[in-house]
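Notes follow once the structure below has been shown.
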Amino acid sequence: MTGLRVALIGGLISFRGLFTWLHPAIFVPALIVPPVFQVLFFAYLGRTAELQSDSFYVVGNSIQLAALPGLFAISQAINGERRSGMLAPLLASPASRVAIILGRALPVVAIGLAVSSLSFAVGALVLDVDVAPAALPLLALTMAAATFSCTALGIAHAAVGLRIREMAVFSNLVFALLLVFCGVNVPLDDLPRWMSTVAQGLPVTHAVEAGRDVVAGATPADVGGLLLTEVMIGVAYLVVGLALLRHYERVARRLATLELV
Amino acid sequence: MTRLARVVALGLVFHVKHLTRSPFDVMITAIWPLVYASLAYFMFRAGSEPASLLVASLGATIMGIWSVTTVGAADAIQRQRWTGALELLVAAPTPFWAVLIPITIATSAIGVYSLVSTLVWGRLVFGIPLDLAQPVWFALAIPPTIVSIGLLGFVMASVIVRFRAGWAVGNMFEYPVWIVTGLLIPVAVLPGWAEPVSWALAPTWGMHALSDAAFTGGSPLLDIGMCLLLSVAYTIVGAVLLGRFLESARRRATLSLT
């Protein structure tokens with residue numbers, strides 16, 4: 001029960017705290033403008049390369065964009081605590097680390113889903129991509145699965161934030177990794193074999209494949225396996241992420257580097 | 001005038017050294033454009049436009065320079081704020097624009113790493129031949145390209161001096177400028193209004209200059225001239241905007257609020 005309170009109230013206070021240094025007038029456009037233009041950029045690039053249809057890029061990029069808040073928000077939560085001098089008191093408290101992190105992850109999941117949905121909607125409208133209205137609920141579920149797995153990856157990579165300072169840069173690299181490897185803009189068959197093999201263990205890959213199938217008319221039964229795989233990958237990253245957080249916290253305490261890195 | 005030129009020149013040297021102190025930052029600057037270069041290579045190679053691989057290489061390079069500049073320049077004032085130096089710099093007798101310009105140009109100059117890394121990456125990993133049609137013109141086109149992109153960053157930094165999260169604002173301009181300046185996507189495939197907008201943006205002319213020198217054998221002189229012309233325009237516009245925003249921040253006593 002205490003863990004639930006820490007997660008919910010701590011997560012809410014932390015999310016509200018975000019707006020002390022990032023005004024909503026910047027925060028909201030920052031979650032809309034780059035994602036929408038990412039979708040448009042790759043769709044136009046795809047037209048230039050004459051590789052795939054607009055639908056391919058709109059679906060792929062909008063699902064991959066779930067990683068934007070998933071990666072950046074969680075890592076910046078740790079960086080933000082450090083910058084404001086609160087990381088040491090937070091970790092010195094008896095509160096469950098799992099509750100603290102999961103509480104901060106809840107708003108991220110909601111925002112990730114919103115970013116994916118909005119990017120898809122704007123991309124589809126601007127580029128005139130046809131999607132059957134009946135496919136939208138299943139597409140939203142697909143985006144939710146991707147958002148979960150990306151947030152789990154975000155937790156795993158945020159643990160590294162206890163060891164390095166340049167988390168924004170590191171988050172960018174992980175985001176780029178998903179962009180290149182997961183079949184978002186280049187079909188997996190056109191990537192080198194080792195890259196498409198690596199993609200099987202990354203979030204986004206299976207959700208993107210499921211999303212494209214859904215837009216093409218697939219039923220829940222058709223894409224159930226892909227969505228389950230996506231969620232299981234998310235669970236795996238979540239377990240690894242929580243273990244890494246525990247490990248790096250111990251290392252930082254032992255070396256007294258919690259606030260130094 | 002000599003004193004101001006000295007401030008700018010010394011500031012440039014200082015900030016280039018400062019920005020190259022972190023091997024991690026330099027590594028990231030070199031690696032980031034490789035992501036987009038690789039995506040472009042894969043897309044063009046898998047698609048039906050293999051000849052475009054050469055142009056994609058240069059386009060990704062300029063994209064890398066703009067990426068570094070847009071976020072770095074947008075965050076330049078905030079970094080001074082965090083270190084507590086902003087008020088001192090603004091209060092100093094030296095005009096603040098002469099302090100800020102070297103920071104933004106140094107930021108874009110670091111993009112040279114991305115130029116080298118992208119061209120080498122394309123050559124080694126994707127086998128793209130690097131046969132420069134006019135190597136001397138190519139080398140001559142690099143400094144005006146970098147300076148003009150850095151000064152575009154200066155205009156951006158001037159406009160967002162009042163925002164605490166400048167990096168977030170800068171980040172918003174990354175993709176739109178990539179799209180509209182035709183670095184990887186021909187402007188012809190964009191809506192008609194995009195072309196006139198692209199004329200006012202330095203990456204357009206920098207890309208033209210480098211690609212003319214590298215591939216077509218045409219003269220990049222006009223493009224270099226446009227880079228220089230835009231540099232002058234950006235300096236004037238940025239200095240005026242910066243003066244107004246700083247005056248407003250001083251009047252409201254919000255200069256150092258973080």
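If you're wondering about the labels, chains in the structure tokens are A, B, ... by order shown, residues count from 1 in each chain, ligands from 1 in order shown.
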Determine, for each residue of stretch 163-183 of chain B having at least one atom at most 6 Å from an atom of stretch 32-50 of chain A, the closest pair of atoms and their separation in Å to one decimal, counting only C-alpha atoms; order by chain and ascending number, as a Markdown table.
```
| residue | atom | partner | partner_atom | distance |
| --- | --- | --- | --- | --- |
| B:Met172 | CA | A:Pro34 | CA | 5.4 |
| B:Tyr175 | CA | A:Phe37 | CA | 5.7 |
| B:Ile179 | CA | A:Phe41 | CA | 6.0 |
```
For the residues selected in the previous step, produce a file with C-alpha atoms as a PDB file, in the first residue's frame.
```pdb
ATOM      1  CA  MET B 172      11.842  21.895 -32.554  1.00  0.00           C
ATOM      2  CA  TYR B 175      13.468  18.494 -38.600  1.00  0.00           C
ATOM      3  CA  ILE B 179      13.019  19.213 -44.627  1.00  0.00           C
TER       4      ILE B 179
END
```
Residues of chain B no more than 8 Å from chain A, counting only C-alpha atoms: send them over as an MDAnalysis selection string. chainID B and resid 28 32 35 38:40 42:44 46:49 164:165 168:169 171:176 178:179 184:186 189:190 258
When DSSP is applied to the backbone of this structure, which of stretch 6-202 of chain A are assigned alpha helix (DSSP H)? Write them out as a PyMOL selection string. chain A and resi 6-21+24-49+54-64+67-83+87-92+97-127+136-159+167-181+193-199
Contact residues around A:Ala252 with only C-alpha atoms at 12 Å, ignoring same-chain residues under 5 positions, as a VMD selection string: chain A and resid 87 to 88 91 159 to 164 244 to 247 257 to 261
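Closest approach to A:Ser116 among A:Val251, A:Ala144, A:Leu8, A:Ile233 is made by A:Ala144 (distances from only C-alpha atoms).
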Skipping near chain neighbours, those fewer than 6 positions away, what residues fall within 12 Å of A:Phe15 using only C-alpha atoms, listed as JSON, numbers by chain? {"A": [7, 8, 9, 21, 22, 24, 27, 73, 74, 76, 77, 80, 103, 104, 105, 106, 107, 108, 110, 111]}
